[in-house]
Structures are given as C-alpha cells and as structure tokens.
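A.B. asks: One structure, as structure tokens, below. Some questions next.
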Amino acid sequence: MKKYILATGLMISLISCKTRTAVENPINTNTPIASTASFFKKINEKTDFQQLKINSKITAETGKFIPPLDATIYIEKDKKVWINMIAIFLNVGRGVATPEGIKGYEKLNKTYIESDFTYLNSLLNVNFIDYGAFQNLLLGKTFIPVNDKDFKVTKNAQGYLLTSVKNLSFKTNGNVSEYSAALRYNDQMELENVVLKKIDASDELEVSYALWENFETIRLPKNVKIMIKGSKNSQILLENTRFDSSKMEVPYSVPTNYTKTEIK
C-alpha cells in the first residue's frame with residue numbers, strides 16, 4: 001500500500017523520495033554582491049497565474065518497485081493542488097492539497113489518507129512545508145524563507161549562490177528544527193538547486209530544477225527532481241510535458257470500502 005501512497009503522497013503530499021547526488025556545475029570564485037535588495041525581491045516574487053494544468057511523467061525510486069506514472073496536476077493558485085495518477089492505463093491514485101492539509105487514496109490496496117502537512121513533512125524529512133511552500137516547490141519558486149539578514153549572496157559566471165549565514169530555525173507543534181541551506185539561481189534568477197541539511201542529523205533535502213521554458217506570461221521548469229537523504233534514500237523525478245491554463249473540474253472523493261491509513 002505504501003508505495004502508491006508515497007507516490008501519490010508527495011504529489012499530494014508530494015513524494016516518497018530520498019537520494020543525494022552531487023550538485024552539478026559547482027560554483028566557484030564567487031563575488032559578493034554589494035546591493036541585494038533587488039535580488040531578494042526578484043526571487044521572492046510569486047508566479048502570476050490563476051490556474052495551471054500540468055501533464056507530467058513521474059519516475060520514483062523508493063527501494064520498492066513503482067511503475068512509471070502519468071500524472072495530471074492541476075493548481076488553483078493559493079487554493080488547491082489536485083493530482084490524478086495513472087500507471088499502464090489504469091488509475092492508481094488521486095489526491096488534493098489545500099491550505100488545510102492533504103488527502104489522497106490509492107486503489108491497489110484500497111486505502112486513503114487525511115492529514116495536515118505533518119505527513120508531507122515526514123516524507124520529506126523536514127518540518128516547514130505548508131501549502132504555500134508546497135505550491136512554490138512545484139512551480140520552481142523559492143519555497144523557504146530567505147532574506148538579506150540570514151543569507152549571503154555571491155555571483156559568478158554560472159549565476160547566483162545563496163548560502164545561509166546562520167542556522168534556519170523552524171518551530172512546529174512545539175518542536176524546533178534547524179537547517180543550513182544553499183540555493184543556486186541562474187543568471188535570470190530562476191531557481192536551479194536547493195540543498196537543505198538538518199543540523200545534528202543526517203537528514204537532507206535536495207530539489208533541482210531544469211529546462212525552464214516560457215508559458216504564456218510566466219516561466220516554468222520542465223524537470224523537477226526531489227531527493228531525500230535519511231534513514232533511507234529515495235528520489236522522484238517529474239518531467240513536465242505540457243502546460244495549460246484552462247480551467248478543470250477536479251473531483252475528489254474516497255471510494256466506498258476504503259480503509260483509512262493512520263498517520264503516525
């Protein structure tokens with residue numbers, strides 16, 4: 001059951017992945033930037049859209065066999081992320097994320113989940129993901145808080161490197177976790193790579209973006225790769241094949257006789 005919940009999970013919950021790979025094209029010989037106000041304003045901009053439909057191919061490596069999945073992802077800005085997943089022409093799962101939390105079901109074992117974002121954070125080995133961060137992660141926007149007080153910005157031929165100058169602290173349900181962070185942007189200030197390392201633990205989250213393209217008035221990444229390192233390693237690759245701004249009907253209801261999976 002878990003393999004489809006995990007795959008439906010991080011797209012809804014977005015993921016069941018975990019793997020560490022070396023950062024491509026390492027940035028060296030960085031030059032500090034004297035004025036960073038315009039840089040932080042640019043990378044914190046929200047994507048300007050109302051709704052977005054994404055056709056995507058999903059490949060997951062979790063230590064268990066998961067067939068390649070065809071997915072339809074539909075985003076209503078700041079309201080809803082809906083996903084439908086198909087394997088070998090058969091619907092295998094569906095889910096929805098809203099600011100209140102996530103819901104999803106998988107057909108193989110007839111199970112479903114209902115949770116706040118604790119479930120998604122557990123999958124990603126972090127504790128700061130909410131709806132806004134999840135939406136930004138899918139769209140290739142900066143999904144953690146960044147500012148000129150907590151980060152240093154340097155520039156070189158490859159683009160920009162943003163590194164934390166102190167540990168980032170996130171508090172959830174009374175528990176505090178600290179991370180170091182490094183973010184890489186290209187010359188157009190489009191996000192290419194994020195590496196988050198948990199302090200005093202081996203947990204690590206890395207998200208990479210590639211093949212940015214124009215769609216109507218916005219820029220979107222065609223490839224999104226999410227890697228997690230922890231007690232187990234896994235990863236998921238989203239290859240976005242088509243973007244569409246037309247409205248969709250996005251029904252969600254758990255079929256009868258499904259069993260709820262308790263989130264621990």
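Note on naming: chains are A, B, ... as they come in the structure tokens, residues start from 1 per chain, ligands start from 1 in the order shown.
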Which neighbours of stretch 231-246 of chain A fall inside 6 Å, counting only C-alpha atoms, when residues of the same chain fewer than 3 positions from it are skipped, and could you give them as a list in words?

C.D. replies: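 Skipping anything fewer than 3 positions along the chain leaves Cys17, Lys18, Thr19, Gln51, Leu52, Lys53, Ile54, Asn55, Ser56, Lys57, Ile58, Thr59, Ala60, Glu61, Thr62, Lys222, Asn223, Val224, Lys225, Ile226, Met227 and Ile228 of chain A.
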
A.B. asks: Would you tabulate, counting only C-alpha atoms, all residues of stretch 112-190 of chain A that have an atom at most 10 Å from an atom of stretch 74-97 of chain A, showing the closest pair of atoms and their distance in Å to one decimal, sorted by chain then ascending number, as CSV?

C.D. replies:
residue,atom,partner,partner_atom,distance
A:Tyr112,CA,A:Gly95,CA,9.2
A:Ile113,CA,A:Gly95,CA,9.1
A:Glu114,CA,A:Gly95,CA,9.7
A:Ser115,CA,A:Ala97,CA,9.7
A:Asp116,CA,A:Ala97,CA,9.2
A:Phe117,CA,A:Ala97,CA,8.9
A:Asp130,CA,A:Ala97,CA,9.8
A:Tyr131,CA,A:Ala97,CA,7.2
A:Gly132,CA,A:Asp78,CA,6.8
A:Phe134,CA,A:Ala97,CA,8.9
A:Gln135,CA,A:Val81,CA,7.4
A:Asn136,CA,A:Asp78,CA,9.8
A:Leu138,CA,A:Ile75,CA,9.5
A:Leu139,CA,A:Ile75,CA,9.7

A.B. asks: For C-alpha atoms, I'd like the residues from the last selection saved as a PDB file, in the first residue's frame.

C.D. replies:
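Wrote it out as out.pdb, contents follow:
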ATOM      1  CA  TYR A 112      -6.671   6.574   1.888  1.00  0.00           C
ATOM      2  CA  ILE A 113      -5.023   9.287   3.968  1.00  0.00           C
ATOM      3  CA  GLU A 114      -6.238  12.530   5.528  1.00  0.00           C
ATOM      4  CA  SER A 115      -3.678  14.697   7.300  1.00  0.00           C
ATOM      5  CA  ASP A 116      -2.365  18.154   7.874  1.00  0.00           C
ATOM      6  CA  PHE A 117       1.052  18.850   6.376  1.00  0.00           C
ATOM      7  CA  ASP A 130       2.831  24.236   4.331  1.00  0.00           C
ATOM      8  CA  TYR A 131       0.526  24.760   1.348  1.00  0.00           C
ATOM      9  CA  GLY A 132       2.372  27.861   0.116  1.00  0.00           C
ATOM     10  CA  PHE A 134       4.363  23.068  -1.499  1.00  0.00           C
ATOM     11  CA  GLN A 135       2.880  25.141  -4.314  1.00  0.00           C
ATOM     12  CA  ASN A 136       6.138  27.066  -4.735  1.00  0.00           C
ATOM     13  CA  LEU A 138       6.078  22.525  -7.696  1.00  0.00           C
ATOM     14  CA  LEU A 139       6.391  25.803  -9.616  1.00  0.00           C
TER      15      LEU A 139
END

A.B. asks: Assign secondary structure with DSSP using the backbone only, and return the residues of stretch 72-142 of chain A in helix (DSSP H, G or I) as a ChimeraX atom specification.

C.D. replies: /A:118-124,131-139

A.B. asks: I'd like to know which residues of stretch 53-117 of chain A are strand (DSSP E) (by DSSP, run on the backbone); could you write them as a PyMOL selection string?

C.D. replies: chain A and resi 53-61+69-76+80-87+90-98+101-106+111-115

A.B. asks: Taking C-alpha atoms for each residue, export the selection above as an mmCIF file, in the first residue's frame.

C.D. replies:
data_model
loop_
_atom_site.group_PDB
_atom_site.id
_atom_site.type_symbol
_atom_site.label_atom_id
_atom_site.label_comp_id
_atom_site.auth_asym_id
_atom_site.auth_seq_id
_atom_site.Cartn_x
_atom_site.Cartn_y
_atom_site.Cartn_z
ATOM 1 C CA LYS A 53 -2.734 22.256 -15.606
ATOM 2 C CA ILE A 54 0.481 20.229 -15.873
ATOM 3 C CA ASN A 55 0.838 16.909 -17.679
ATOM 4 C CA SER A 56 3.765 15.102 -16.107
ATOM 5 C CA LYS A 57 5.612 11.801 -16.145
ATOM 6 C CA ILE A 58 6.734 10.647 -12.712
ATOM 7 C CA THR A 59 9.594 8.273 -12.024
ATOM 8 C CA ALA A 60 10.180 7.281 -8.398
ATOM 9 C CA GLU A 61 12.936 5.278 -6.746
ATOM 10 C CA LEU A 69 3.309 7.135 -13.663
ATOM 11 C CA ASP A 70 1.475 9.580 -15.901
ATOM 12 C CA ALA A 71 0.043 12.411 -13.846
ATOM 13 C CA THR A 72 -2.254 15.353 -14.303
ATOM 14 C CA ILE A 73 -1.511 18.104 -11.814
ATOM 15 C CA TYR A 74 -3.969 20.980 -11.520
ATOM 16 C CA ILE A 75 -3.176 24.036 -9.406
ATOM 17 C CA GLU A 76 -5.666 26.720 -8.407
ATOM 18 C CA LYS A 80 -5.700 23.754 -4.292
ATOM 19 C CA VAL A 81 -3.268 21.268 -5.828
ATOM 20 C CA TRP A 82 -5.065 18.272 -7.348
ATOM 21 C CA ILE A 83 -3.368 15.249 -8.878
ATOM 22 C CA ASN A 84 -4.550 12.182 -10.729
ATOM 23 C CA MET A 85 -2.081 9.361 -11.390
ATOM 24 C CA ILE A 86 -2.195 6.570 -13.982
ATOM 25 C CA ALA A 87 0.047 3.524 -14.495
ATOM 26 C CA LEU A 90 -5.074 2.301 -15.060
ATOM 27 C CA ASN A 91 -5.912 4.948 -12.500
ATOM 28 C CA VAL A 92 -3.867 4.200 -9.378
ATOM 29 C CA GLY A 93 -4.463 7.184 -7.135
ATOM 30 C CA ARG A 94 -5.792 10.678 -6.683
ATOM 31 C CA GLY A 95 -5.233 13.380 -4.124
ATOM 32 C CA VAL A 96 -5.663 17.004 -3.223
ATOM 33 C CA ALA A 97 -3.752 19.522 -1.120
ATOM 34 C CA THR A 98 -5.327 22.679 0.288
ATOM 35 C CA GLY A 101 -3.974 19.766 4.647
ATOM 36 C CA ILE A 102 -3.758 16.819 2.266
ATOM 37 C CA LYS A 103 -5.988 13.943 1.213
ATOM 38 C CA GLY A 104 -5.224 11.030 -1.061
ATOM 39 C CA TYR A 105 -6.208 7.482 -1.927
ATOM 40 C CA GLU A 106 -4.625 4.594 -3.801
ATOM 41 C CA THR A 111 -6.516 2.819 1.348
ATOM 42 C CA TYR A 112 -6.671 6.574 1.888
ATOM 43 C CA ILE A 113 -5.023 9.287 3.968
ATOM 44 C CA GLU A 114 -6.238 12.530 5.528
ATOM 45 C CA SER A 115 -3.678 14.697 7.300
#

A.B. asks: Restricting the calculation to only C-alpha atoms: of A:Met189, A:Ile66, A:Val207, A:Thr154, which residue gets closest to A:Leu108?

C.D. replies: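 Checking each of A:Met189, A:Ile66, A:Val207, A:Thr154 against A:Leu108, counting only C-alpha atoms, the winner is A:Ile66.
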
A.B. asks: Have a look at A:Ala37, A:Val195, A:Ala182, A:Val126 and name the one nearest to A:Gly230; count only C-alpha atoms.

C.D. replies: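 Of A:Ala37, A:Val195, A:Ala182, A:Val126, the one nearest A:Gly230, counting only C-alpha atoms, is A:Val126.
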
A.B. asks: Do you have the atom CA of A:Ile43-atom CA of A:Val194 distance handy?

C.D. replies: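 Computed distance, atom CA of A:Ile43 to atom CA of A:Val194, equals 12.9 Å.
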